[in-house]
Amino acid sequence: MMKTNKKELTVFAVCAYAVPFLMMPLLYICLQNGQDTSIFANAQMFYPAAGVMLAFLLARRPDTPKRFYILHLLVTAIMLIMSVLSAAAPQGEWLYIANLVIVIASVLGWILLLTEKKTKREACGLRLHGKLLTALVICVYFLAVKTAMVFLSMAMQGGDSWAEYLAYWRTSAPWVMAVVLVPNFFLSFLPFFGEEYGWRYYLTPALQGRFGARRGALAVGVLWGLWHLPLNLFFYSPDTSLQSIAAQLVVCVTLGVFFTFAYEKCGKNIWLPVVLHYLNNNMVLVWTGTADISNQIISWTDVAISAIMYGVVFLPFLAAKCYRKNK
């Protein structure tokens with residue numbers, strides 16, 4: 001990881017935070033008009049990495065993989081423009097086009113990465129090799145505990161809900177969807193990379209260098225959670241936005257601890273957090289049978305239960321070796 005500076009942090013902050021917060025009036029208009037705001041969520045995932053890449057390119061850092069950076073910045077601009085157009089011309093198939101752009105760009109991204117010089121990938125945290133067995137164990141643990149948390153949450157509801165959920169798992173649907181998610185990662189990795197390259201590769205080491213390993217990672221978790229604020233207000237849970245913000249902070253702080261542990265444990269390999277982020281977002285389709293995460297109704301009881309489960313499962317990783325350094 002290369003050292004950062006205030007100018008680069010400013011560029012990163014403008015791209016990662018100012019842009020999505022400037023989108024809030026458009027999100028509000030779309031919500032009031034009953035429009036789907038999913039495209040704003042998809043576009044927002046690109047902004048953190050775009051901030052890092054733009055900062056590095058403006059600073060003329062050596063050994064930057066310019067082709068891959070330019071691709072990501074171009075796709076980010078396209079996603080941003082389509083988000084704005086979705087509010088101005090809601091009758092267009094913007095979400096479908098956005099998903100098509102993500103697939104094409106993801107394929108091109110792999111081509112550019114695989115044909116890039118190894119020195120450039122290494123210099124900018126894009127190494128494609130690492131501790132495969134360790135990464136596999138971490139992924140299995142993550143899937144196991146997250147699945148257990150979902151089952152526990154459904155069991156607590158009891159009655160017909162629990163019976164229906166068990167019946168759902170006796171069908172082939174969840175298993176087929178789980179298999180499909182494997183090749184789908186390679187066709188849609190770019191948005192998840194867009195977040196993790198910003199949070200885990202860039203911002204976490206920057207804040208850890210200032211506040212120490214534990215406090216730096218926790219600070220990024222808070223910043224990551226607050227970064228979701230426009231989506232909490234106008235996409236995830238407009239009717240229970242305060243509860244949504246609280247739940248988001250719980251998830252981002254605790255998952256941030258675990259993702260940072262995974263990143264460090266695999267030799268600072270950014271692809272493991274990218275995979276974990278992908279699993280966290282897309283396994284919802286397997287766990288619940290739907291990919292719709294908009295307009296949720298969240299109670300304070302839900303927030304409390306989430307805080308207990310996520311805290312018990314992920315916060316103990318703060319005792320890991322990578323968090324005992326305070327350099």
# chains A, B, ... in the order shown; residues from 1 in each chain; ligands from 1
>>> residues_around(residues="Ile39 (chain A)", least_positions_apart="6", cutoff="8 Å", atoms="only C-alpha atoms", output="number ranges by chain")
A: 79, 82-83, 94-95, 98
>>> write_last_selection(atoms="all heavy atoms", output="PDB file, in the first residue's frame")
ATOM      1  N   MET A  79     -22.695   5.149 -15.259  1.00  0.00           N
ATOM      2  CA  MET A  79     -23.687   4.816 -14.234  1.00  0.00           C
ATOM      3  C   MET A  79     -24.262   6.078 -13.598  1.00  0.00           C
ATOM      4  O   MET A  79     -25.473   6.152 -13.322  1.00  0.00           O
ATOM      5  CB  MET A  79     -23.043   3.931 -13.171  1.00  0.00           C
ATOM      6  CG  MET A  79     -22.593   2.560 -13.660  1.00  0.00           C
ATOM      7  SD  MET A  79     -23.966   1.487 -14.151  1.00  0.00           S
ATOM      8  CE  MET A  79     -24.753   1.193 -12.558  1.00  0.00           C
ATOM      9  N   MET A  82     -26.682   7.682 -16.125  1.00  0.00           N
ATOM     10  CA  MET A  82     -27.932   6.929 -16.227  1.00  0.00           C
ATOM     11  C   MET A  82     -28.800   7.102 -14.983  1.00  0.00           C
ATOM     12  O   MET A  82     -30.031   7.076 -15.076  1.00  0.00           O
ATOM     13  CB  MET A  82     -27.633   5.445 -16.484  1.00  0.00           C
ATOM     14  CG  MET A  82     -27.160   5.152 -17.894  1.00  0.00           C
ATOM     15  SD  MET A  82     -27.217   3.391 -18.327  1.00  0.00           S
ATOM     16  CE  MET A  82     -25.986   2.749 -17.192  1.00  0.00           C
ATOM     17  N   SER A  83     -28.171   7.280 -13.826  1.00  0.00           N
ATOM     18  CA  SER A  83     -28.940   7.551 -12.606  1.00  0.00           C
ATOM     19  C   SER A  83     -29.719   8.848 -12.750  1.00  0.00           C
ATOM     20  O   SER A  83     -30.911   8.922 -12.420  1.00  0.00           O
ATOM     21  CB  SER A  83     -28.007   7.629 -11.399  1.00  0.00           C
ATOM     22  OG  SER A  83     -27.335   6.416 -11.176  1.00  0.00           O
ATOM     23  N   TRP A  94     -33.544   1.921 -17.767  1.00  0.00           N
ATOM     24  CA  TRP A  94     -32.217   2.298 -17.287  1.00  0.00           C
ATOM     25  C   TRP A  94     -31.566   1.212 -16.457  1.00  0.00           C
ATOM     26  O   TRP A  94     -30.361   0.985 -16.553  1.00  0.00           O
ATOM     27  CB  TRP A  94     -32.310   3.602 -16.494  1.00  0.00           C
ATOM     28  CG  TRP A  94     -32.819   4.735 -17.312  1.00  0.00           C
ATOM     29  CD1 TRP A  94     -34.000   5.390 -17.167  1.00  0.00           C
ATOM     30  CD2 TRP A  94     -32.172   5.341 -18.438  1.00  0.00           C
ATOM     31  NE1 TRP A  94     -34.152   6.364 -18.119  1.00  0.00           N
ATOM     32  CE2 TRP A  94     -33.032   6.356 -18.913  1.00  0.00           C
ATOM     33  CE3 TRP A  94     -30.957   5.122 -19.090  1.00  0.00           C
ATOM     34  CZ2 TRP A  94     -32.707   7.155 -20.010  1.00  0.00           C
ATOM     35  CZ3 TRP A  94     -30.634   5.921 -20.183  1.00  0.00           C
ATOM     36  CH2 TRP A  94     -31.493   6.905 -20.634  1.00  0.00           C
ATOM     37  N   LEU A  95     -32.326   0.536 -15.622  1.00  0.00           N
ATOM     38  CA  LEU A  95     -31.753  -0.511 -14.777  1.00  0.00           C
ATOM     39  C   LEU A  95     -31.257  -1.678 -15.616  1.00  0.00           C
ATOM     40  O   LEU A  95     -30.185  -2.240 -15.363  1.00  0.00           O
ATOM     41  CB  LEU A  95     -32.775  -0.995 -13.744  1.00  0.00           C
ATOM     42  CG  LEU A  95     -32.255  -1.997 -12.711  1.00  0.00           C
ATOM     43  CD1 LEU A  95     -31.093  -1.409 -11.908  1.00  0.00           C
ATOM     44  CD2 LEU A  95     -33.368  -2.433 -11.774  1.00  0.00           C
ATOM     45  N   ALA A  98     -28.111  -0.556 -17.268  1.00  0.00           N
ATOM     46  CA  ALA A  98     -27.036  -0.488 -16.278  1.00  0.00           C
ATOM     47  C   ALA A  98     -26.464  -1.872 -15.988  1.00  0.00           C
ATOM     48  O   ALA A  98     -25.237  -2.050 -15.902  1.00  0.00           O
ATOM     49  CB  ALA A  98     -27.548   0.148 -14.988  1.00  0.00           C
TER      50      ALA A  98
END
>>> closest_residue(among="A:Gly289, A:Phe193, A:Asn42, A:Gly216", to="Ser172 (chain A)", atoms="only C-alpha atoms")
A:Gly289
>>> closest_residue(among="A:Thr147, A:Thr204, A:Ser38, A:Asn184", to="Lys268 (chain A)", atoms="only C-alpha atoms")
A:Thr204
>>> residues_around(residues="Phe151 (chain A)", least_positions_apart="2", cutoff="12 Å", atoms="only C-alpha atoms", output="ChimeraX atom specification")
/A:144-149,153-158,161-163,165-166,168-169,287-288,309
>>> residues_around(residues="Gly194 (chain A)", least_positions_apart="5", cutoff="7 Å", atoms="only C-alpha atoms", output="ChimeraX atom specification")
/A:45-49
>>> closest_residue(among="A:Ile293, A:Leu315, A:Phe68, A:Lys118", to="Phe234 (chain A)", atoms="only C-alpha atoms")
A:Ile293
>>> closest_residue(among="A:Leu112, A:Val180, A:Ala213, A:Ala105", to="Lys321 (chain A)", atoms="only C-alpha atoms")
A:Ala213
>>> closest_residue(among="A:Leu136, A:Leu57, A:Leu31, A:Leu143", to="Ser294 (chain A)", atoms="only C-alpha atoms")
A:Leu31
>>> residues_around(residues="Ser106 (chain A)", least_positions_apart="2", cutoff="6 Å", atoms="only C-alpha atoms", output="CSV table (one decimal) with N, CA, C and O atoms, in the first residue's frame")
chain,number,residue,atom,x,y,z
A,102,ILE,N,-22.6,-3.2,-16.6
A,102,ILE,CA,-21.8,-3.9,-15.6
A,102,ILE,C,-21.3,-5.2,-16.1
A,102,ILE,O,-20.1,-5.5,-15.9
A,103,VAL,N,-22.1,-6.0,-16.8
A,103,VAL,CA,-21.6,-7.3,-17.3
A,103,VAL,C,-20.5,-7.1,-18.3
A,103,VAL,O,-19.4,-7.7,-18.2
A,104,ILE,N,-20.7,-6.2,-19.3
A,104,ILE,CA,-19.7,-5.9,-20.3
A,104,ILE,C,-18.4,-5.4,-19.7
A,104,ILE,O,-17.3,-5.8,-20.0
A,108,LEU,N,-14.6,-7.0,-19.6
A,108,LEU,CA,-13.4,-6.2,-20.0
A,108,LEU,C,-12.4,-6.0,-18.9
A,108,LEU,O,-11.2,-5.9,-19.1
A,109,GLY,N,-12.9,-5.8,-17.7
A,109,GLY,CA,-12.1,-5.6,-16.6
A,109,GLY,C,-11.1,-6.7,-16.3
A,109,GLY,O,-9.9,-6.6,-16.0
A,187,LEU,N,-19.1,-12.0,-13.9
A,187,LEU,CA,-19.8,-11.2,-14.8
A,187,LEU,C,-20.3,-9.9,-14.1
A,187,LEU,O,-20.9,-9.0,-14.8
A,188,SER,N,-20.1,-9.8,-12.8
A,188,SER,CA,-20.6,-8.6,-12.1
A,188,SER,C,-19.8,-8.2,-10.9
A,188,SER,O,-20.3,-7.6,-10.0
A,190,LEU,N,-17.5,-5.9,-10.7
A,190,LEU,CA,-17.0,-4.5,-10.7
A,190,LEU,C,-17.6,-3.6,-9.6
A,190,LEU,O,-16.9,-2.8,-9.0
